[in-house]
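Structure data (TSV, C-alpha atoms) from run-v1.tsv:
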```tsv
chain	number	residue	atom	x	y	z
A	153	ASN	CA	-6.71	-7.93	-12.38
A	154	LEU	CA	-8.58	-6.73	-9.29
A	155	PRO	CA	-9.70	-9.33	-6.73
A	156	PRO	CA	-13.15	-10.68	-7.74
A	157	ASN	CA	-14.91	-9.70	-4.49
A	158	ILE	CA	-13.18	-6.35	-3.99
A	159	HIS	CA	-16.28	-4.13	-4.27
A	160	LYS	CA	-18.17	-6.19	-1.67
A	161	VAL	CA	-15.16	-6.13	0.70
A	162	LEU	CA	-14.68	-2.36	0.32
A	163	THR	CA	-18.39	-1.67	0.87
A	164	GLY	CA	-18.32	-3.77	4.04
A	165	LEU	CA	-15.19	-1.98	5.24
A	166	GLN	CA	-16.71	1.46	4.62
A	167	GLN	CA	-19.59	0.55	6.96
A	168	LYS	CA	-17.03	0.03	9.77
A	169	THR	CA	-14.97	3.24	9.44
A	170	ASP	CA	-15.45	7.00	9.00
A	171	ILE	CA	-12.31	7.27	6.84
A	172	PRO	CA	-12.99	7.14	3.08
A	173	VAL	CA	-12.17	3.63	1.86
A	174	VAL	CA	-10.03	3.71	-1.27
A	175	PHE	CA	-8.36	1.04	-3.34
A	176	PRO	CA	-6.18	1.33	-6.45
A	177	SER	CA	-7.92	0.71	-9.76
A	178	ARG	CA	-4.60	-0.65	-11.06
A	179	LEU	CA	-2.69	-3.53	-9.49
A	180	PRO	CA	0.48	-5.16	-10.79
A	181	THR	CA	-0.16	-8.47	-12.51
A	182	PRO	CA	0.19	-11.23	-9.92
A	183	PRO	CA	2.71	-14.03	-10.52
A	184	ALA	CA	1.39	-16.86	-12.68
A	185	HIS	CA	-1.13	-19.15	-10.98
A	186	THR	CA	-1.64	-16.64	-8.14
A	187	ALA	CA	-5.03	-15.22	-7.27
A	188	TYR	CA	-5.62	-12.20	-5.07
A	189	TYR	CA	-7.52	-12.69	-1.79
A	190	VAL	CA	-8.57	-9.68	0.25
A	191	SER	CA	-9.16	-9.21	3.99
A	192	THR	CA	-9.46	-6.10	6.14
A	193	GLU	CA	-8.70	-4.84	9.62
A	194	VAL	CA	-10.15	-1.75	11.31
A	195	THR	CA	-8.43	0.17	14.14
A	196	LYS	CA	-9.30	3.34	16.06
A	197	ARG	CA	-7.11	5.36	13.69
A	198	GLY	CA	-7.96	3.75	10.36
A	199	TYR	CA	-7.94	0.55	8.38
A	200	THR	CA	-5.74	-1.90	6.51
A	201	ILE	CA	-6.67	-3.87	3.41
A	202	TYR	CA	-4.54	-7.00	2.99
A	203	VAL	CA	-4.03	-8.55	-0.43
A	204	ASP	CA	-2.75	-12.10	-0.14
A	205	SER	CA	-1.95	-15.15	-2.23
A	206	SER	CA	-4.06	-17.50	-0.11
A	207	LYS	CA	-7.59	-17.23	1.25
A	208	ASP	CA	-6.72	-17.66	4.94
A	209	CYS	CA	-3.57	-15.51	5.02
A	210	HIS	CA	-4.96	-12.25	6.52
A	211	GLY	CA	-1.70	-10.33	6.05
A	212	VAL	CA	0.75	-12.94	7.33
A	213	HIS	CA	4.21	-12.16	5.94
A	214	SER	CA	4.74	-15.49	4.14
A	215	CYS	CA	1.62	-15.18	1.94
A	216	ASN	CA	1.01	-11.42	1.83
A	217	ILE	CA	1.36	-9.73	-1.57
A	218	GLY	CA	0.66	-6.24	-0.31
A	219	MET	CA	-1.46	-3.93	1.77
A	220	ILE	CA	-3.20	-0.60	1.61
A	221	LYS	CA	-3.38	1.36	4.84
A	222	ALA	CA	-5.18	4.58	5.77
A	223	GLU	CA	-4.78	6.20	9.16
A	224	THR	CA	-5.37	9.53	10.85
A	225	GLY	CA	-2.79	11.13	13.11
A	226	ALA	CA	0.13	9.31	11.46
A	227	ASN	CA	3.28	10.66	9.85
A	228	PRO	CA	5.54	9.29	7.10
A	229	VAL	CA	8.54	7.27	8.27
A	230	ILE	CA	11.95	7.75	6.65
A	231	TYR	CA	13.87	4.46	6.35
A	232	TYR	CA	17.67	4.08	6.50
A	233	ASP	CA	19.98	1.27	5.43
A	234	MET	CA	22.63	-0.45	7.59
A	235	GLN	CA	25.16	2.30	6.72
A	236	ASN	CA	22.67	4.95	7.92
A	237	GLN	CA	22.03	6.12	4.34
A	238	GLU	CA	18.53	7.35	3.64
A	239	LEU	CA	16.55	4.83	1.58
A	240	THR	CA	13.33	6.87	1.46
A	241	LYS	CA	13.10	9.65	-1.11
A	242	SER	CA	10.38	12.14	-1.92
A	243	VAL	CA	8.48	11.74	-5.18
A	244	ILE	CA	5.73	13.72	-6.88
A	245	LEU	CA	2.46	11.91	-7.50
A	246	ASN	CA	-0.34	13.07	-9.81
A	247	GLN	CA	-2.30	16.16	-8.75
A	248	ASN	CA	1.07	17.44	-7.46
A	249	ARG	CA	0.85	15.39	-4.26
A	250	LYS	CA	4.11	14.68	-2.43
A	251	GLY	CA	4.87	11.07	-1.62
A	252	TYR	CA	7.69	9.18	0.05
A	253	PHE	CA	9.03	6.13	-1.76
A	254	THR	CA	11.12	3.42	-0.09
A	255	PRO	CA	12.46	0.63	-2.32
A	256	GLY	CA	12.23	-2.99	-1.26
A	257	HIS	CA	15.33	-3.84	0.77
A	258	PRO	CA	16.81	-6.57	2.95
A	259	MET	CA	17.48	-5.73	6.59
A	260	GLY	CA	17.26	-8.75	8.87
A	261	ASP	CA	14.20	-9.66	6.80
A	262	TYR	CA	13.00	-8.37	3.44
A	263	TRP	CA	11.03	-5.12	3.56
A	264	PRO	CA	8.77	-4.74	0.49
A	265	THR	CA	8.45	-1.58	-1.57
A	266	ARG	CA	6.44	1.14	0.13
A	267	LEU	CA	4.92	4.49	-0.76
A	268	VAL	CA	3.23	6.91	1.64
A	269	TRP	CA	1.45	10.21	1.09
A	270	ARG	CA	-0.97	12.44	2.89
A	271	ASP	CA	-4.39	13.45	1.60
A	272	LYS	CA	-6.06	15.94	3.94
A	273	ASN	CA	-5.50	14.48	7.43
A	274	ILE	CA	-5.14	10.86	6.28
A	275	LEU	CA	-1.81	9.12	5.72
A	276	TYR	CA	-2.08	6.49	2.99
A	277	THR	CA	0.45	3.69	2.68
A	278	ILE	CA	0.90	1.09	-0.04
A	279	ILE	CA	3.27	-1.77	0.75
A	280	TRP	CA	3.66	-4.24	-2.12
A	281	GLN	CA	5.91	-7.07	-3.32
A	282	LEU	CA	7.27	-5.69	-6.61
A	283	LYS	CA	10.05	-6.43	-9.08
A	284	PRO	CA	13.07	-4.23	-8.22
A	285	GLN	CA	13.54	-3.00	-11.80
A	286	SER	CA	10.08	-1.38	-11.93
A	287	GLU	CA	9.07	-0.97	-8.28
A	288	GLN	CA	9.02	2.84	-8.18
A	289	VAL	CA	7.04	3.18	-11.42
A	290	ASP	CA	4.61	0.40	-10.42
A	291	ILE	CA	3.87	1.68	-6.92
A	292	ILE	CA	3.41	5.29	-8.08
A	293	ALA	CA	0.99	4.06	-10.77
A	294	MET	CA	-0.94	2.22	-8.05
A	295	ALA	CA	-1.13	5.37	-5.90
A	296	ASP	CA	-2.13	7.55	-8.84
A	297	SER	CA	-4.91	5.08	-9.72
A	298	PHE	CA	-6.59	5.79	-6.34
A	299	TYR	CA	-7.62	9.16	-7.70
A	300	LYS	CA	-8.99	7.83	-10.98
A	301	THR	CA	-11.66	5.83	-9.14
A	302	ARG	CA	-13.15	8.63	-7.04
```
Step by step, read the file and then write its structure as structure tokens.
Amino acid sequence: NLPPNIHKVLTGLQQKTDIPVVFPSRLPTPPAHTAYYVSTEVTKRGYTIYVDSSKDCHGVHSCNIGMIKAETGANPVIYYDMQNQELTKSVILNQNRKGYFTPGHPMGDYWPTRLVWRDKNILYTIIWQLKPQSEQVDIIAMADSFYKTR
């Protein structure tokens, strides 16, 4: 269920950045009648890969399904709810890597599920629209699948 042009997009992105370009080999099944469209953005510190439900979305909130981000010099962010309770919790990913999982939650707007972890000096982030009942399992499986493709 990977986007049809993903290898071409990732190859093009790698030519624009010194950071290793990675993408999960496993994505959650998109909702019925939804295709994945991919676009990228490069910054001084890294890159973002947007996965959207429409071709011309380019990460806009209303049509974005998720994103993969890699950046140097960044640190994980711990999120809190309106009662100042910590939403983010540490999790163990494969190869004994430590990650930080934040469930999808409403706060003024809806914040999708997110998982961050560090690999060497790069902070990786996956932000994805997931079903609440399986969001932690699904996003950890996505992160773990990064390392099955290398």
Counting only C-alpha atoms, what is within 10 Å of Lys283 (chain A), bar same-chain residues fewer than 3 positions away, as a PyMOL selection string?
-> chain A and resi 180+256+264-265+280+286-288+290
Which of A:Leu165, A:Ile217, A:Ile171, A:Ile244 sits closest to Thr186 (chain A) [using all atoms listed in the file] =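 The shortest atom-to-atom distance to Thr186 (chain A) comes from A:Ile217.
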Between CA of Gln235 (chain A) and CA of Arg266 (chain A), what is the distance, to one decimal in Å?
->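 Distance between the two atoms: 19.9 Å.
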What separation in Å, quoted to one decimal, exists between CA of Gly225 (chain A) and CA of Tyr276 (chain A)?
->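 Atom-to-atom, CA of Gly225 (chain A) to CA of Tyr276 (chain A), that is 11.2 Å.
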List as a ChimeraX atom specification: which residues have an atom within 12 Å of (-0.7, -18.6, -2.2), counting only C-alpha atoms?
-> /A:182-189,203-217
Those same residues - C-alpha atoms - I'd like them written as an mmCIF file, in the frame of the given file.
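Result went into again-v6.cif, see below:
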```cif
data_model
loop_
_atom_site.group_PDB
_atom_site.id
_atom_site.type_symbol
_atom_site.label_atom_id
_atom_site.label_comp_id
_atom_site.auth_asym_id
_atom_site.auth_seq_id
_atom_site.Cartn_x
_atom_site.Cartn_y
_atom_site.Cartn_z
ATOM 1 C CA PRO A 182 0.190 -11.230 -9.920
ATOM 2 C CA PRO A 183 2.710 -14.030 -10.520
ATOM 3 C CA ALA A 184 1.390 -16.860 -12.680
ATOM 4 C CA HIS A 185 -1.130 -19.150 -10.980
ATOM 5 C CA THR A 186 -1.640 -16.640 -8.140
ATOM 6 C CA ALA A 187 -5.030 -15.220 -7.270
ATOM 7 C CA TYR A 188 -5.620 -12.200 -5.070
ATOM 8 C CA TYR A 189 -7.520 -12.690 -1.790
ATOM 9 C CA VAL A 203 -4.030 -8.550 -0.430
ATOM 10 C CA ASP A 204 -2.750 -12.100 -0.140
ATOM 11 C CA SER A 205 -1.950 -15.150 -2.230
ATOM 12 C CA SER A 206 -4.060 -17.500 -0.110
ATOM 13 C CA LYS A 207 -7.590 -17.230 1.250
ATOM 14 C CA ASP A 208 -6.720 -17.660 4.940
ATOM 15 C CA CYS A 209 -3.570 -15.510 5.020
ATOM 16 C CA HIS A 210 -4.960 -12.250 6.520
ATOM 17 C CA GLY A 211 -1.700 -10.330 6.050
ATOM 18 C CA VAL A 212 0.750 -12.940 7.330
ATOM 19 C CA HIS A 213 4.210 -12.160 5.940
ATOM 20 C CA SER A 214 4.740 -15.490 4.140
ATOM 21 C CA CYS A 215 1.620 -15.180 1.940
ATOM 22 C CA ASN A 216 1.010 -11.420 1.830
ATOM 23 C CA ILE A 217 1.360 -9.730 -1.570
#
```
Computed gap from CA of Tyr231 (chain A) to CA of Met259 (chain A) is 10.8 Å
